[in-house]
Amino acid sequence: MHEKTLAELSAALHSKAISSVELTEHYLARIQQLDGAINSFITVTPELALEQARAADARLADGSASPLTGIPLAHKDLFCTRGVRTSCGSKMLDNFVAPYESTVTQRFIDAGAVTLGKTNMDEFAMGSSNESSFYGPVRNPWNQELIPGGSSGGSAAAVAARLCAAATGTDTGGSIRQPSGFTGLTGLKPTYGRVSRWGMIAYASSLDQAGPMARTAEDCALLLQAMAGFDERDSTSVEHPVPDYSAELNQPLQGLRVGLPKEYFGEGLDAGIANTIDQAVKQLQALGAEIREVSLPNAELAIPAYYVIASAEASSNLSRFDGVRYGYRCENPTDLMDLYLRSREEGFGAEVKRRIMVGTYALSAGYYDAYYLQAQKIRRLIKNDFLAAFEQVDVILSPTSPIPAFRIGEKIDDPVSLYLTDIYTITANLAGVPGVALPAGFADDLPVGMQLLGPYFSEPRLLNVAHQYQQATDWHTRAPL
């Protein structure tokens, strides 16, 4: 059963070929059997999952089911889930049980989906390798000596290992797309504001966006259908009509204009990845696409601008974790200042502390104009680059990462080198445009991801292109286990 896509499982459930309880028990057994070696889950919720599965079977029986009813999913452990630990991969929130449900997880509950548990992640979503988690690193199912990408590496590894039908992730600088590329999945970062951030623990509020991670573009379309929509509780939510994301999947690609940014295909790109992407481009040409070169001239400034802005927002967002209201509290503080200092010192990991320090410095008197304000100006230039490029092409194509998945521990002492693995993905977050990553082939027996970016609210087109490519290839069907 675990080899079927979400869409195939949905059809099987609706035809009564299987029950949600049977399917849920199957995935729970696989988690128990396989996840000890992968470490993709922080919390598994078998009692909740089976309760929801029984309710889903009742809906399937009475005809009130939706396409996601009875489908076993996993959620990245920064979505608040009522009555279930929500740790954000941090010692700081190891004891935090959310008293309410995030909008994203509530919408899946309303659709009748089943929650298998909460997936491992880089602490507070800060990382590109899933090594900064308080609960230990996640291992790539394709090679357990390698990282799965981050920060949504737990969700990526769980779906790749077939421990769940699909999972939620969040993308602040590529944290859905980069791990999808490293593990052979399809992952979608929607337009900023398309999916509610309410109940999603914040890293960088102007960059964070939730999205689906699954095997195929068809599956992502079904997941996004449930996730998307305006939420009055989220001040960054956009009031924009939600289309039928599955309606255009089968449209031909004849005349599609695909842009290749020249800045993304130069120095630093692994030769094996470059060759794989070249073959993917030829496949799109065979499907009727027109290939054009475009330029994103300010892309080289994206890394410094992103890490100034993201760190500044992290410094502000994480100031609430002080040992007073919730989360970790140090033992036997001598006074209030000692409580603050030791709770934060003991509760946060090294990468989170590094970004808080960078962000606090960038926002401090005398440096705000020199760093934070300049970074925001660069952000505007990057947005303008995309607007200009999308006047010439319909979508932009690039690799998801300049290098393949690397060994656990290889870059842990070189944060700048680690940050550079996001060089192709962070521009989309700075500009707020949507992007989808999908399997494009293999290099040295490891998955290679291809990224497609589009104008605002062009998710139907991106999913259409990805689906048509997947109809002509079989990379998305490959499994590591």
# chains A, B, ... in the order shown; residues from 1 in each chain; ligands from 1

$ residues_around --residues "range 34-50 of chain A" --least-positions-apart "3" --cutoff "9 Å" --atoms "only C-alpha atoms" --output "number ranges by chain"
A: 20-21, 24-25, 28-31, 53-55, 72, 74, 76-77, 84-87, 89, 114-121, 135-141, 144, 153-158, 161, 163

$ residues_around --residues "Val433 in chain A" --least-positions-apart "3" --cutoff "6 Å" --atoms "only C-alpha atoms" --output "list in words"
Thr191, Ala428, Pro455 and Tyr456 of chain A

$ residues_around --residues "Leu260 in chain A" --least-positions-apart "4" --cutoff "12 Å" --atoms "only C-alpha atoms" --output "MDAnalysis selection string"
chainID A and resid 264:266 277:278 281 290:296 389:390 392:399 424 450:453

$ residues_around --residues "Gly441 in chain A" --least-positions-apart "5" --cutoff "12 Å" --atoms "only C-alpha atoms" --output "ChimeraX atom specification"
/A:181-185,272-281,283,399,404,446-450,469-470,473-478

$ write_last_selection --atoms "N, CA and C atoms" --output "PDB file, in the first residue's frame"
ATOM      1  N   GLY A 181      14.373  18.075  -3.180  1.00  0.00           N
ATOM      2  CA  GLY A 181      15.376  17.751  -4.186  1.00  0.00           C
ATOM      3  C   GLY A 181      16.335  16.675  -3.731  1.00  0.00           C
ATOM      4  N   PHE A 182      16.764  16.731  -2.477  1.00  0.00           N
ATOM      5  CA  PHE A 182      17.725  15.765  -1.952  1.00  0.00           C
ATOM      6  C   PHE A 182      17.130  14.379  -1.730  1.00  0.00           C
ATOM      7  N   THR A 183      15.797  14.269  -1.644  1.00  0.00           N
ATOM      8  CA  THR A 183      15.171  12.979  -1.325  1.00  0.00           C
ATOM      9  C   THR A 183      14.248  12.463  -2.423  1.00  0.00           C
ATOM     10  N   GLY A 184      14.203  13.137  -3.568  1.00  0.00           N
ATOM     11  CA  GLY A 184      13.428  12.637  -4.698  1.00  0.00           C
ATOM     12  C   GLY A 184      11.939  12.862  -4.603  1.00  0.00           C
ATOM     13  N   LEU A 185      11.532  13.992  -4.011  1.00  0.00           N
ATOM     14  CA  LEU A 185      10.110  14.288  -3.823  1.00  0.00           C
ATOM     15  C   LEU A 185       9.679  15.491  -4.645  1.00  0.00           C
ATOM     16  N   GLY A 272      27.506  16.817 -12.313  1.00  0.00           N
ATOM     17  CA  GLY A 272      26.463  15.796 -12.435  1.00  0.00           C
ATOM     18  C   GLY A 272      25.072  16.397 -12.383  1.00  0.00           C
ATOM     19  N   ILE A 273      24.888  17.377 -11.504  1.00  0.00           N
ATOM     20  CA  ILE A 273      23.593  18.052 -11.416  1.00  0.00           C
ATOM     21  C   ILE A 273      23.321  18.841 -12.693  1.00  0.00           C
ATOM     22  N   ALA A 274      24.343  19.550 -13.192  1.00  0.00           N
ATOM     23  CA  ALA A 274      24.178  20.333 -14.415  1.00  0.00           C
ATOM     24  C   ALA A 274      23.749  19.448 -15.576  1.00  0.00           C
ATOM     25  N   ASN A 275      24.360  18.276 -15.698  1.00  0.00           N
ATOM     26  CA  ASN A 275      24.007  17.365 -16.785  1.00  0.00           C
ATOM     27  C   ASN A 275      22.579  16.838 -16.629  1.00  0.00           C
ATOM     28  N   THR A 276      22.195  16.529 -15.388  1.00  0.00           N
ATOM     29  CA  THR A 276      20.843  16.029 -15.141  1.00  0.00           C
ATOM     30  C   THR A 276      19.798  17.086 -15.479  1.00  0.00           C
ATOM     31  N   ILE A 277      20.051  18.329 -15.073  1.00  0.00           N
ATOM     32  CA  ILE A 277      19.102  19.406 -15.370  1.00  0.00           C
ATOM     33  C   ILE A 277      19.035  19.648 -16.878  1.00  0.00           C
ATOM     34  N   ASP A 278      20.162  19.522 -17.556  1.00  0.00           N
ATOM     35  CA  ASP A 278      20.171  19.693 -19.016  1.00  0.00           C
ATOM     36  C   ASP A 278      19.266  18.666 -19.690  1.00  0.00           C
ATOM     37  N   GLN A 279      19.287  17.430 -19.199  1.00  0.00           N
ATOM     38  CA  GLN A 279      18.413  16.400 -19.753  1.00  0.00           C
ATOM     39  C   GLN A 279      16.942  16.706 -19.473  1.00  0.00           C
ATOM     40  N   ALA A 280      16.669  17.259 -18.283  1.00  0.00           N
ATOM     41  CA  ALA A 280      15.296  17.638 -17.944  1.00  0.00           C
ATOM     42  C   ALA A 280      14.797  18.763 -18.851  1.00  0.00           C
ATOM     43  N   VAL A 281      15.669  19.706 -19.160  1.00  0.00           N
ATOM     44  CA  VAL A 281      15.312  20.802 -20.065  1.00  0.00           C
ATOM     45  C   VAL A 281      14.960  20.251 -21.451  1.00  0.00           C
ATOM     46  N   GLN A 283      13.789  17.336 -22.081  1.00  0.00           N
ATOM     47  CA  GLN A 283      12.491  16.661 -21.986  1.00  0.00           C
ATOM     48  C   GLN A 283      11.348  17.667 -22.083  1.00  0.00           C
ATOM     49  N   PRO A 399      18.297  24.238 -10.921  1.00  0.00           N
ATOM     50  CA  PRO A 399      18.449  23.172  -9.923  1.00  0.00           C
ATOM     51  C   PRO A 399      17.901  23.664  -8.581  1.00  0.00           C
ATOM     52  N   PRO A 404      24.935  17.882  -4.530  1.00  0.00           N
ATOM     53  CA  PRO A 404      24.057  16.807  -4.046  1.00  0.00           C
ATOM     54  C   PRO A 404      24.079  16.736  -2.527  1.00  0.00           C
ATOM     55  N   LEU A 446      22.239   9.507  -6.465  1.00  0.00           N
ATOM     56  CA  LEU A 446      21.472  10.345  -5.541  1.00  0.00           C
ATOM     57  C   LEU A 446      20.472  11.188  -6.321  1.00  0.00           C
ATOM     58  N   PRO A 447      19.281  11.439  -5.734  1.00  0.00           N
ATOM     59  CA  PRO A 447      18.280  12.243  -6.444  1.00  0.00           C
ATOM     60  C   PRO A 447      18.763  13.660  -6.723  1.00  0.00           C
ATOM     61  N   VAL A 448      18.364  14.168  -7.858  1.00  0.00           N
ATOM     62  CA  VAL A 448      18.623  15.566  -8.237  1.00  0.00           C
ATOM     63  C   VAL A 448      17.271  16.255  -8.396  1.00  0.00           C
ATOM     64  N   GLY A 449      17.124  17.406  -7.752  1.00  0.00           N
ATOM     65  CA  GLY A 449      15.883  18.149  -7.828  1.00  0.00           C
ATOM     66  C   GLY A 449      15.933  19.282  -8.833  1.00  0.00           C
ATOM     67  N   MET A 450      14.813  19.507  -9.499  1.00  0.00           N
ATOM     68  CA  MET A 450      14.645  20.629 -10.429  1.00  0.00           C
ATOM     69  C   MET A 450      13.622  21.586  -9.826  1.00  0.00           C
ATOM     70  N   TYR A 469       5.644  16.896 -16.890  1.00  0.00           N
ATOM     71  CA  TYR A 469       6.995  16.330 -16.876  1.00  0.00           C
ATOM     72  C   TYR A 469       6.973  14.940 -16.234  1.00  0.00           C
ATOM     73  N   GLN A 470       6.223  14.790 -15.155  1.00  0.00           N
ATOM     74  CA  GLN A 470       6.157  13.494 -14.471  1.00  0.00           C
ATOM     75  C   GLN A 470       5.380  12.458 -15.268  1.00  0.00           C
ATOM     76  N   THR A 473       8.195  11.081 -17.510  1.00  0.00           N
ATOM     77  CA  THR A 473       9.378  10.506 -16.857  1.00  0.00           C
ATOM     78  C   THR A 473       8.937   9.626 -15.689  1.00  0.00           C
ATOM     79  N   ASP A 474       9.891   8.920 -15.110  1.00  0.00           N
ATOM     80  CA  ASP A 474       9.544   8.055 -13.985  1.00  0.00           C
ATOM     81  C   ASP A 474      10.414   8.312 -12.755  1.00  0.00           C
ATOM     82  N   TRP A 475      11.116   9.439 -12.728  1.00  0.00           N
ATOM     83  CA  TRP A 475      12.001   9.725 -11.594  1.00  0.00           C
ATOM     84  C   TRP A 475      11.223   9.774 -10.281  1.00  0.00           C
ATOM     85  N   HIS A 476      10.004  10.291 -10.314  1.00  0.00           N
ATOM     86  CA  HIS A 476       9.216  10.426  -9.107  1.00  0.00           C
ATOM     87  C   HIS A 476       8.713   9.087  -8.568  1.00  0.00           C
ATOM     88  N   THR A 477       8.850   8.029  -9.347  1.00  0.00           N
ATOM     89  CA  THR A 477       8.395   6.712  -8.897  1.00  0.00           C
ATOM     90  C   THR A 477       9.492   5.939  -8.181  1.00  0.00           C
ATOM     91  N   ARG A 478      10.738   6.430  -8.233  1.00  0.00           N
ATOM     92  CA  ARG A 478      11.847   5.710  -7.623  1.00  0.00           C
ATOM     93  C   ARG A 478      11.756   5.797  -6.098  1.00  0.00           C
TER      94      ARG A 478
END

$ residues_around --residues "Thr170 in chain A" --least-positions-apart "5" --cutoff "12 Å" --atoms "only C-alpha atoms" --output "ChimeraX atom specification"
/A:75-79,88,104,119,121-122,124-126,150-156,175-180,187-190,192,195-197,200-205,207-213,429

$ write_last_selection --atoms "N, CA and C atoms" --output "compact mmCIF listing (two decimals), in the first residue's frame"
# COMPACT_ATOMS: atom_id res chain seq x y z
N HIS A 75 3.03 15.96 10.02
CA HIS A 75 3.16 17.41 10.04
C HIS A 75 4.50 17.83 10.64
N LYS A 76 5.14 18.77 10.00
CA LYS A 76 6.38 19.34 10.54
C LYS A 76 6.12 19.86 11.95
N ASP A 77 7.06 19.65 12.85
CA ASP A 77 6.79 19.90 14.26
C ASP A 77 6.90 21.37 14.65
N LEU A 78 6.43 22.24 13.77
CA LEU A 78 6.25 23.65 14.16
C LEU A 78 4.81 24.11 13.93
N PHE A 79 3.96 23.18 13.49
CA PHE A 79 2.52 23.46 13.41
C PHE A 79 1.90 23.07 14.75
N CYS A 88 9.23 22.24 17.78
CA CYS A 88 10.04 23.05 16.86
C CYS A 88 11.48 22.53 16.81
N VAL A 104 -3.49 25.35 9.33
CA VAL A 104 -3.13 24.31 8.36
C VAL A 104 -3.57 22.94 8.85
N THR A 119 7.01 15.64 12.57
CA THR A 119 8.31 15.27 12.01
C THR A 119 9.45 16.15 12.51
N MET A 121 12.99 18.29 12.53
CA MET A 121 13.30 19.49 11.77
C MET A 121 14.51 20.19 12.38
N ASP A 122 15.16 21.02 11.61
CA ASP A 122 16.18 21.90 12.17
C ASP A 122 15.54 22.79 13.23
N PHE A 124 13.89 25.38 15.29
CA PHE A 124 13.17 26.59 14.88
C PHE A 124 13.32 26.86 13.39
N ALA A 125 13.46 25.79 12.61
CA ALA A 125 13.55 25.85 11.14
C ALA A 125 14.82 26.53 10.66
N MET A 126 15.83 26.60 11.51
CA MET A 126 17.07 27.29 11.16
C MET A 126 18.13 26.27 10.76
N GLY A 150 17.20 20.50 4.73
CA GLY A 150 16.48 21.11 5.85
C GLY A 150 15.80 22.40 5.42
N SER A 151 14.99 22.95 6.30
CA SER A 151 14.75 22.48 7.64
C SER A 151 13.66 21.41 7.72
N SER A 152 12.95 21.18 6.60
CA SER A 152 11.84 20.21 6.59
C SER A 152 12.35 18.81 6.28
N GLY A 153 13.54 18.47 6.76
CA GLY A 153 14.15 17.19 6.43
C GLY A 153 13.41 16.01 6.99
N GLY A 154 12.78 16.16 8.16
CA GLY A 154 12.01 15.06 8.72
C GLY A 154 10.82 14.72 7.86
N SER A 155 10.10 15.74 7.40
CA SER A 155 8.96 15.50 6.50
C SER A 155 9.43 14.86 5.20
N ALA A 156 10.55 15.36 4.65
CA ALA A 156 11.06 14.81 3.39
C ALA A 156 11.46 13.34 3.55
N SER A 175 13.27 25.57 2.39
CA SER A 175 13.20 24.43 3.30
C SER A 175 12.15 23.38 2.95
N ILE A 176 11.35 23.61 1.92
CA ILE A 176 10.54 22.56 1.31
C ILE A 176 11.24 22.06 0.05
N ARG A 177 11.70 22.97 -0.77
CA ARG A 177 12.23 22.61 -2.09
C ARG A 177 13.59 21.91 -2.02
N GLN A 178 14.49 22.40 -1.17
CA GLN A 178 15.82 21.79 -1.11
C GLN A 178 15.78 20.35 -0.58
N PRO A 179 15.10 20.06 0.55
CA PRO A 179 15.01 18.65 0.97
C PRO A 179 14.21 17.78 0.01
N SER A 180 13.22 18.34 -0.68
CA SER A 180 12.52 17.58 -1.70
C SER A 180 13.49 17.15 -2.80
N GLY A 187 7.83 19.04 -3.94
CA GLY A 187 7.48 19.93 -2.84
C GLY A 187 7.16 21.32 -3.35
N LEU A 188 6.13 21.93 -2.80
CA LEU A 188 5.64 23.22 -3.30
C LEU A 188 5.73 24.30 -2.23
N LYS A 189 6.39 25.40 -2.57
CA LYS A 189 6.34 26.61 -1.76
C LYS A 189 5.34 27.56 -2.41
N PRO A 190 4.18 27.78 -1.79
CA PRO A 190 3.18 28.66 -2.41
C PRO A 190 3.61 30.14 -2.37
N TYR A 192 3.69 33.77 -1.11
CA TYR A 192 3.61 34.24 0.27
C TYR A 192 2.20 34.78 0.56
N VAL A 195 -1.09 30.48 2.04
CA VAL A 195 -1.44 29.53 3.10
C VAL A 195 -1.26 30.22 4.44
N SER A 196 -2.22 30.07 5.32
CA SER A 196 -2.20 30.75 6.61
C SER A 196 -0.99 30.34 7.45
N ARG A 197 -0.41 31.32 8.13
CA ARG A 197 0.69 31.08 9.06
C ARG A 197 0.20 31.04 10.50
N MET A 200 1.54 28.54 13.24
CA MET A 200 2.83 28.04 12.75
C MET A 200 3.92 28.83 13.46
N ILE A 201 4.73 28.17 14.27
CA ILE A 201 5.73 28.88 15.07
C ILE A 201 6.72 29.57 14.15
N ALA A 202 6.90 30.87 14.34
CA ALA A 202 7.61 31.70 13.38
C ALA A 202 9.12 31.63 13.53
N TYR A 203 9.79 31.63 12.40
CA TYR A 203 11.23 31.88 12.32
C TYR A 203 11.43 33.28 11.77
N ALA A 204 11.07 33.50 10.51
CA ALA A 204 11.18 34.81 9.89
C ALA A 204 9.84 35.13 9.23
N SER A 205 9.08 35.99 9.85
CA SER A 205 7.66 36.14 9.51
C SER A 205 7.40 36.59 8.09
N LEU A 207 9.08 35.76 5.50
CA LEU A 207 9.62 34.78 4.56
C LEU A 207 8.96 33.41 4.68
N ASP A 208 8.52 33.04 5.90
CA ASP A 208 7.96 31.71 6.15
C ASP A 208 6.70 31.47 5.32
N GLN A 209 6.60 30.29 4.75
CA GLN A 209 5.37 29.89 4.06
C GLN A 209 5.24 28.37 4.13
N ALA A 210 4.05 27.91 4.51
CA ALA A 210 3.77 26.48 4.59
C ALA A 210 3.42 25.93 3.22
N GLY A 211 3.71 24.64 3.02
CA GLY A 211 3.37 24.00 1.76
C GLY A 211 3.42 22.49 1.87
N PRO A 212 2.99 21.80 0.81
CA PRO A 212 2.93 20.33 0.82
C PRO A 212 4.21 19.68 0.30
N MET A 213 4.47 18.45 0.79
CA MET A 213 5.56 17.62 0.30
C MET A 213 4.99 16.23 0.04
N ASN A 429 11.81 33.26 -1.83
CA ASN A 429 11.26 33.73 -0.56
C ASN A 429 11.41 35.23 -0.41

$ select_by_dssp --residues "range 255-316 of chain A" --states "helix (DSSP H, G or I)" --output "ChimeraX atom specification"
/A:262-264,271-286,299-316

$ atom_distance --atom1 "CA of Gln376 in chain A" --atom2 "CA of Ala305 in chain A"
7.2 Å

$ closest_residue --among "A:Gly174, A:Gly259, A:Gly83, A:Pro67" --to "Leu13 in chain A" --atoms "only C-alpha atoms"
A:Pro67

$ select_by_dssp --residues "range 34-223 of chain A" --states "strand (DSSP E or B)" --output "ChimeraX atom specification"
/A:41-44,72-76,79,81,84-85,97,114-119,140,143,146,166-170,186-189,195,200,210-214

$ write_last_selection --atoms "C-alpha atoms" --output "tab-separated table (two decimals), in the first residue's frame"
chain	number	residue	atom	x	y	z
A	41	PHE	CA	9.63	11.64	13.54
A	42	ILE	CA	9.84	13.47	16.87
A	43	THR	CA	6.38	12.39	18.03
A	44	VAL	CA	4.21	9.54	16.74
A	72	PRO	CA	-2.34	9.33	6.71
A	73	LEU	CA	-0.18	12.47	6.85
A	74	ALA	CA	2.66	13.81	8.98
A	75	HIS	CA	3.16	17.41	10.04
A	76	LYS	CA	6.38	19.34	10.54
A	79	PHE	CA	2.52	23.46	13.41
A	81	THR	CA	-1.51	20.62	17.23
A	84	VAL	CA	0.22	17.07	21.07
A	85	ARG	CA	3.78	18.19	21.76
A	97	VAL	CA	1.88	20.87	24.34
A	114	VAL	CA	-5.22	11.29	9.57
A	115	THR	CA	-2.31	12.64	11.65
A	116	LEU	CA	0.44	10.03	12.13
A	117	GLY	CA	2.70	12.37	14.09
A	118	LYS	CA	5.10	15.32	14.03
A	119	THR	CA	8.31	15.27	12.01
A	140	ASN	CA	18.50	10.54	4.11
A	143	ASN	CA	21.94	6.91	1.98
A	146	LEU	CA	23.88	11.72	4.19
A	166	ALA	CA	2.52	12.99	2.32
A	167	ALA	CA	3.62	15.65	4.79
A	168	THR	CA	3.53	19.35	5.50
A	169	GLY	CA	6.63	21.50	5.49
A	170	THR	CA	7.57	25.15	5.69
A	186	THR	CA	7.79	16.95	-5.18
A	187	GLY	CA	7.48	19.93	-2.84
A	188	LEU	CA	5.64	23.22	-3.30
A	189	LYS	CA	6.34	26.61	-1.76
A	195	VAL	CA	-1.44	29.53	3.10
A	200	MET	CA	2.83	28.04	12.75
A	210	ALA	CA	3.77	26.48	4.59
A	211	GLY	CA	3.37	24.00	1.76
A	212	PRO	CA	2.93	20.33	0.82
A	213	MET	CA	5.56	17.62	0.30
A	214	ALA	CA	4.54	14.48	-1.58

$ residues_around --residues "Asp110 in chain A" --least-positions-apart "4" --cutoff "12 Å" --atoms "only C-alpha atoms" --output "tab-separated table (two decimals) with N, CA and C atoms, in the first residue's frame"
chain	number	residue	atom	x	y	z
A	52	GLN	N	-8.84	9.07	14.38
A	52	GLN	CA	-9.18	9.82	13.18
A	52	GLN	C	-9.48	8.89	12.01
A	55	ALA	N	-12.99	7.61	12.29
A	55	ALA	CA	-13.92	8.67	11.89
A	55	ALA	C	-13.92	8.84	10.37
A	56	ALA	N	-12.74	8.69	9.76
A	56	ALA	CA	-12.64	8.81	8.30
A	56	ALA	C	-13.41	7.68	7.62
A	59	ARG	N	-16.98	8.53	7.51
A	59	ARG	CA	-17.28	9.51	6.47
A	59	ARG	C	-17.27	8.87	5.09
A	64	SER	N	-19.76	11.40	2.81
A	64	SER	CA	-19.40	12.80	3.08
A	64	SER	C	-17.89	13.04	3.01
A	65	ALA	N	-17.17	12.12	2.39
A	65	ALA	CA	-15.71	12.20	2.37
A	65	ALA	C	-15.21	13.17	1.30
A	66	SER	N	-14.03	13.74	1.57
A	66	SER	CA	-13.31	14.56	0.60
A	66	SER	C	-12.15	13.73	0.04
A	67	PRO	N	-11.42	14.25	-0.96
A	67	PRO	CA	-10.30	13.47	-1.51
A	67	PRO	C	-9.24	13.09	-0.48
A	68	LEU	N	-9.09	13.87	0.59
A	68	LEU	CA	-8.06	13.57	1.59
A	68	LEU	C	-8.58	12.76	2.77
A	69	THR	N	-9.85	12.45	2.80
A	69	THR	CA	-10.41	11.71	3.92
A	69	THR	C	-9.75	10.33	4.04
A	70	GLY	N	-9.21	10.07	5.23
A	70	GLY	CA	-8.59	8.78	5.51
A	70	GLY	C	-7.13	8.67	5.13
A	101	GLU	N	-5.13	24.43	17.71
A	101	GLU	CA	-4.77	23.83	16.42
A	101	GLU	C	-4.41	24.92	15.43
A	103	THR	N	-4.10	26.68	11.75
A	103	THR	CA	-5.06	26.69	10.64
A	103	THR	C	-4.77	25.57	9.65
A	104	VAL	N	-3.49	25.35	9.33
A	104	VAL	CA	-3.13	24.31	8.36
A	104	VAL	C	-3.57	22.94	8.85
A	105	THR	N	-3.20	22.58	10.08
A	105	THR	CA	-3.57	21.25	10.57
A	105	THR	C	-5.07	21.12	10.77
A	106	GLN	N	-5.75	22.22	11.14
A	106	GLN	CA	-7.20	22.16	11.30
A	106	GLN	C	-7.88	21.92	9.96
A	114	VAL	N	-5.68	11.95	8.35
A	114	VAL	CA	-5.22	11.29	9.57
A	114	VAL	C	-3.83	11.78	9.92
A	115	THR	N	-3.61	12.14	11.19
A	115	THR	CA	-2.31	12.64	11.65
A	115	THR	C	-1.51	11.50	12.27
A	226	ALA	N	-6.54	21.79	0.13
A	226	ALA	CA	-7.00	21.86	1.52
A	226	ALA	C	-6.31	22.97	2.30
A	227	MET	N	-5.05	23.25	1.98
A	227	MET	CA	-4.26	24.19	2.77
A	227	MET	C	-4.56	25.66	2.45

$ decode --residues "range 310-363 of chain A" --atoms "C-alpha atoms" --output "PDB file, in the first residue's frame"
ATOM      1  CA  ALA A 310      15.879  36.279   8.378  1.00  0.00           C
ATOM      2  CA  SER A 311      18.203  36.633  11.372  1.00  0.00           C
ATOM      3  CA  ALA A 312      16.754  40.018  12.285  1.00  0.00           C
ATOM      4  CA  GLU A 313      13.214  38.623  12.244  1.00  0.00           C
ATOM      5  CA  ALA A 314      14.357  35.549  14.184  1.00  0.00           C
ATOM      6  CA  SER A 315      15.889  37.781  16.849  1.00  0.00           C
ATOM      7  CA  SER A 316      12.530  39.504  17.276  1.00  0.00           C
ATOM      8  CA  ASN A 317      10.357  36.364  17.074  1.00  0.00           C
ATOM      9  CA  LEU A 318      12.435  34.316  19.489  1.00  0.00           C
ATOM     10  CA  SER A 319      12.571  37.013  22.162  1.00  0.00           C
ATOM     11  CA  ARG A 320       9.307  35.565  23.526  1.00  0.00           C
ATOM     12  CA  PHE A 321      11.118  32.431  24.723  1.00  0.00           C
ATOM     13  CA  ASP A 322      12.315  33.749  28.075  1.00  0.00           C
ATOM     14  CA  GLY A 323      11.578  30.943  30.523  1.00  0.00           C
ATOM     15  CA  VAL A 324       8.634  32.815  32.043  1.00  0.00           C
ATOM     16  CA  ARG A 325       5.455  31.963  30.137  1.00  0.00           C
ATOM     17  CA  TYR A 326       6.014  28.572  28.501  1.00  0.00           C
ATOM     18  CA  GLY A 327       8.778  26.314  27.296  1.00  0.00           C
ATOM     19  CA  TYR A 328      12.073  25.490  28.963  1.00  0.00           C
ATOM     20  CA  ARG A 329      12.955  27.123  32.280  1.00  0.00           C
ATOM     21  CA  CYS A 330      16.351  26.804  33.958  1.00  0.00           C
ATOM     22  CA  GLU A 331      16.540  25.301  37.426  1.00  0.00           C
ATOM     23  CA  ASN A 332      16.888  27.434  40.580  1.00  0.00           C
ATOM     24  CA  PRO A 333      17.362  30.907  39.034  1.00  0.00           C
ATOM     25  CA  THR A 334      18.793  33.448  41.446  1.00  0.00           C
ATOM     26  CA  ASP A 335      16.823  36.376  40.021  1.00  0.00           C
ATOM     27  CA  LEU A 336      14.828  37.394  36.951  1.00  0.00           C
ATOM     28  CA  MET A 337      17.900  38.217  34.865  1.00  0.00           C
ATOM     29  CA  ASP A 338      19.451  34.861  35.688  1.00  0.00           C
ATOM     30  CA  LEU A 339      16.179  33.196  34.659  1.00  0.00           C
ATOM     31  CA  TYR A 340      16.245  34.931  31.277  1.00  0.00           C
ATOM     32  CA  LEU A 341      19.920  34.338  30.575  1.00  0.00           C
ATOM     33  CA  ARG A 342      20.208  30.696  31.619  1.00  0.00           C
ATOM     34  CA  SER A 343      16.862  29.626  30.157  1.00  0.00           C
ATOM     35  CA  ARG A 344      17.881  30.957  26.741  1.00  0.00           C
ATOM     36  CA  GLU A 345      21.468  29.749  27.043  1.00  0.00           C
ATOM     37  CA  GLU A 346      20.389  26.222  27.969  1.00  0.00           C
ATOM     38  CA  GLY A 347      17.248  26.048  25.812  1.00  0.00           C
ATOM     39  CA  PHE A 348      18.590  27.194  22.436  1.00  0.00           C
ATOM     40  CA  GLY A 349      21.108  25.335  20.269  1.00  0.00           C
ATOM     41  CA  ALA A 350      24.201  26.788  18.613  1.00  0.00           C
ATOM     42  CA  GLU A 351      22.657  27.642  15.217  1.00  0.00           C
ATOM     43  CA  VAL A 352      19.698  29.438  16.790  1.00  0.00           C
ATOM     44  CA  LYS A 353      22.010  31.447  19.049  1.00  0.00           C
ATOM     45  CA  ARG A 354      24.175  32.360  16.064  1.00  0.00           C
ATOM     46  CA  ARG A 355      21.225  33.751  14.118  1.00  0.00           C
ATOM     47  CA  ILE A 356      19.787  35.589  17.124  1.00  0.00           C
ATOM     48  CA  MET A 357      23.152  37.279  17.649  1.00  0.00           C
ATOM     49  CA  VAL A 358      23.490  38.223  13.969  1.00  0.00           C
ATOM     50  CA  GLY A 359      19.938  39.547  13.884  1.00  0.00           C
ATOM     51  CA  THR A 360      20.242  41.537  17.090  1.00  0.00           C
ATOM     52  CA  TYR A 361      23.441  43.112  15.802  1.00  0.00           C
ATOM     53  CA  ALA A 362      21.848  44.010  12.450  1.00  0.00           C
ATOM     54  CA  LEU A 363      18.931  45.709  14.231  1.00  0.00           C
TER      55      LEU A 363
END
